[in-house]
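Asks: The following block contains the structure, expressed as C-alpha cells.
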Amino acid sequence: MTGKKHIDRLIIAISLFASILAAGIYVYTELIYQKKLPDNEAEFEDMKDGIKNGLISGTYKLQKITVNLKSRSTKLRFLDVEIHIVPFAKSYTRVLDKNRDVVYDSIIDITSGMNPEELNTVSGKILLENRIKNDLNKILKKQIVKEILFTTFIIM
C-alpha cells in the first residue's frame, strides 16, 4: 500500500465496491435473469411476411456443375456441386441471369484451382464460398452476391 491512511482506505473501498459489483452482475446473469426463448411460430410468420414483402431475397439456383480438380496423384478427382446464390435484392437475379455464363466460368475457374484435400475441410468450403462471392462481385462490378449456399457438394 501507499503508507497514507486515507489513500489506502480509498483504494480498499474502490476494490471492495468493484468486487461486489462483479459478483452482483454474475449472480444476476447466471441465476436470476432468464432469457426468453424464441417463439418458433412467430419467427416463421415473420419470415413469411418478409418474403411476401420482398425484404428477404430468394436464391438464384445454378445447375449442377462437375469440375475436374487438380490432384497430386494420377487418380482423377472431381467435384459435383450444386450452388444457390443469395443476392442482396430480388432484382439482382436478372443481372445474374444475363451473366449466367460468366458466373459458371468463374465458379469453374475457382474450383478447378483448389485441391480435393483442401475442399474436404470445412475451412476449405468457407474459403471456396468467399472466393466465389468476391470474384462474382468483382466481375459484376457491384455488390450483388450476399451468400453462396452449397446444396450438393461431393468430391470423388
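Ligands are numbered from 1 in the order shown, chains are lettered A, B, ... in the order of the C-alpha cells, and residues start at 1 in each chain.
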Give me the residues within 8 Å of stretch 62-67 of chain A as a PyMOL selection string, counting only C-alpha atoms and dropping any in the same chain fewer than 3 places off.
Replies: chain A and resi 78-85+108+111-112
Asks: Could you turn the residues from that selection into a file that holds N, CA and C atoms, as an mmCIF file, in the first residue's frame?
Replies:
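What ended up in result-v7.cif:
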```cif
data_model
loop_
_atom_site.group_PDB
_atom_site.id
_atom_site.type_symbol
_atom_site.label_atom_id
_atom_site.label_comp_id
_atom_site.auth_asym_id
_atom_site.auth_seq_id
_atom_site.Cartn_x
_atom_site.Cartn_y
_atom_site.Cartn_z
ATOM 1 N N PHE A 78 -12.731 -35.167 -59.030
ATOM 2 C CA PHE A 78 -13.645 -34.129 -59.483
ATOM 3 C C PHE A 78 -14.661 -33.798 -58.416
ATOM 4 N N LEU A 79 -15.317 -32.669 -58.610
ATOM 5 C CA LEU A 79 -16.285 -32.139 -57.650
ATOM 6 C C LEU A 79 -17.632 -32.003 -58.344
ATOM 7 N N ASP A 80 -18.651 -32.589 -57.730
ATOM 8 C CA ASP A 80 -20.043 -32.383 -58.140
ATOM 9 C C ASP A 80 -20.634 -31.378 -57.162
ATOM 10 N N VAL A 81 -21.077 -30.239 -57.653
ATOM 11 C CA VAL A 81 -21.573 -29.203 -56.762
ATOM 12 C C VAL A 81 -22.832 -28.569 -57.350
ATOM 13 N N GLU A 82 -23.788 -28.322 -56.472
ATOM 14 C CA GLU A 82 -24.985 -27.577 -56.833
ATOM 15 C C GLU A 82 -25.008 -26.347 -55.942
ATOM 16 N N ILE A 83 -25.141 -25.189 -56.553
ATOM 17 C CA ILE A 83 -24.980 -23.916 -55.839
ATOM 18 C C ILE A 83 -26.245 -23.076 -55.944
ATOM 19 N N HIS A 84 -26.566 -22.441 -54.825
ATOM 20 C CA HIS A 84 -27.614 -21.422 -54.789
ATOM 21 C C HIS A 84 -26.935 -20.111 -54.411
ATOM 22 N N ILE A 85 -27.172 -19.088 -55.212
ATOM 23 C CA ILE A 85 -26.614 -17.768 -54.936
ATOM 24 C C ILE A 85 -27.699 -16.926 -54.282
ATOM 25 N N ILE A 108 -16.198 -22.412 -62.120
ATOM 26 C CA ILE A 108 -15.345 -23.488 -62.627
ATOM 27 C C ILE A 108 -13.882 -23.119 -62.482
ATOM 28 N N THR A 111 -12.930 -23.302 -58.587
ATOM 29 C CA THR A 111 -12.925 -24.651 -58.008
ATOM 30 C C THR A 111 -11.858 -25.540 -58.638
ATOM 31 N N SER A 112 -11.582 -25.360 -59.922
ATOM 32 C CA SER A 112 -10.585 -26.213 -60.567
ATOM 33 C C SER A 112 -9.175 -25.917 -60.063
#
```
Asks: Just want the 9 Å neighbourhood of A:Asn115, counted on only C-alpha atoms, with same-chain residues fewer than 2 positions away dropped. Output as a ChimeraX atom specification.
Replies: /A:69-72,111-113,117-120
Asks: From the set A:Glu147, A:Asp39, A:Gly58, A:Pro116, which residue has the shortest atom-to-atom contact distance to A:Lys75, counting only C-alpha atoms?
Replies: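 When distances to A:Lys75 are compared using only C-alpha atoms, the smallest one comes from A:Pro116.
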Asks: If we count only C-alpha atoms and set the cut-off at 9 Å, which residues sit around A:Leu128, ignoring sequence neighbours fewer than 2 positions away in its own chain? Please answer as a list in words.
Replies: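 So the residues in contact are Ile110, Thr111, Met114, Leu119, Ser123, Gly124, Lys125, Ile126, Asn130, Arg131, Ile132 and Lys133 of chain A.
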Asks: Let me make sure I understand: among A:Ile148, A:Ala42, A:Met156, A:Val103, which one has the smallest atom-to-atom distance to A:Leu127 if we use only C-alpha atoms?
Replies: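 Looking at the shortest contact to A:Leu127, the residue is A:Ile148.
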Asks: What lies within 8 Å of stretch 134-137 of chain A using only C-alpha atoms, ignoring chain neighbours under 6 positions off, as a list in words?
Replies: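 Final neighbour list, sorted by chain and number: Val103, Ser106, Gln143, Ile144 and Val145 of chain A.
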Asks: Could those selected residues go to a file with N, CA and C atoms, as a PDB file, in the first residue's frame?
Replies:
```pdb
ATOM      1  N   VAL A 103     -20.883 -16.332 -64.608  1.00  0.00           N
ATOM      2  CA  VAL A 103     -20.998 -16.920 -63.266  1.00  0.00           C
ATOM      3  C   VAL A 103     -20.467 -18.352 -63.282  1.00  0.00           C
ATOM      4  N   SER A 106     -16.643 -18.400 -63.749  1.00  0.00           N
ATOM      5  CA  SER A 106     -15.948 -18.008 -62.526  1.00  0.00           C
ATOM      6  C   SER A 106     -15.907 -19.160 -61.523  1.00  0.00           C
ATOM      7  N   GLN A 143     -21.978  -5.001 -55.702  1.00  0.00           N
ATOM      8  CA  GLN A 143     -22.198  -5.942 -54.609  1.00  0.00           C
ATOM      9  C   GLN A 143     -23.540  -6.623 -54.818  1.00  0.00           C
ATOM     10  N   ILE A 144     -23.530  -7.726 -55.533  1.00  0.00           N
ATOM     11  CA  ILE A 144     -24.753  -8.454 -55.857  1.00  0.00           C
ATOM     12  C   ILE A 144     -24.896  -9.695 -55.008  1.00  0.00           C
ATOM     13  N   VAL A 145     -23.806 -10.440 -54.851  1.00  0.00           N
ATOM     14  CA  VAL A 145     -23.850 -11.731 -54.160  1.00  0.00           C
ATOM     15  C   VAL A 145     -23.669 -11.530 -52.667  1.00  0.00           C
TER      16      VAL A 145
END
```
Asks: In stretch 71-150 of chain A, what's strand (DSSP E or B) per DSSP? Answer as a list in words?
Replies: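 Filtering stretch 71-150 of chain A to strand (DSSP E or B) leaves Arg77, Phe78, Leu79, Asp80, Val81, Glu82, Ile83, His84, Ile85, Val86, Pro87, Val145, Lys146, Glu147, Ile148, Leu149 and Phe150 of chain A.
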Asks: Which one is closest to A:Lys146: A:Asp109, A:Thr93, A:Lys48, A:Val102? Count only C-alpha atoms.
Replies: A:Thr93
Asks: What does the structure give for the distance between atom CA of A:Arg77 and atom CA of A:Ile155, in Å to one decimal?
Replies: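 It comes out at 7.2 Å.
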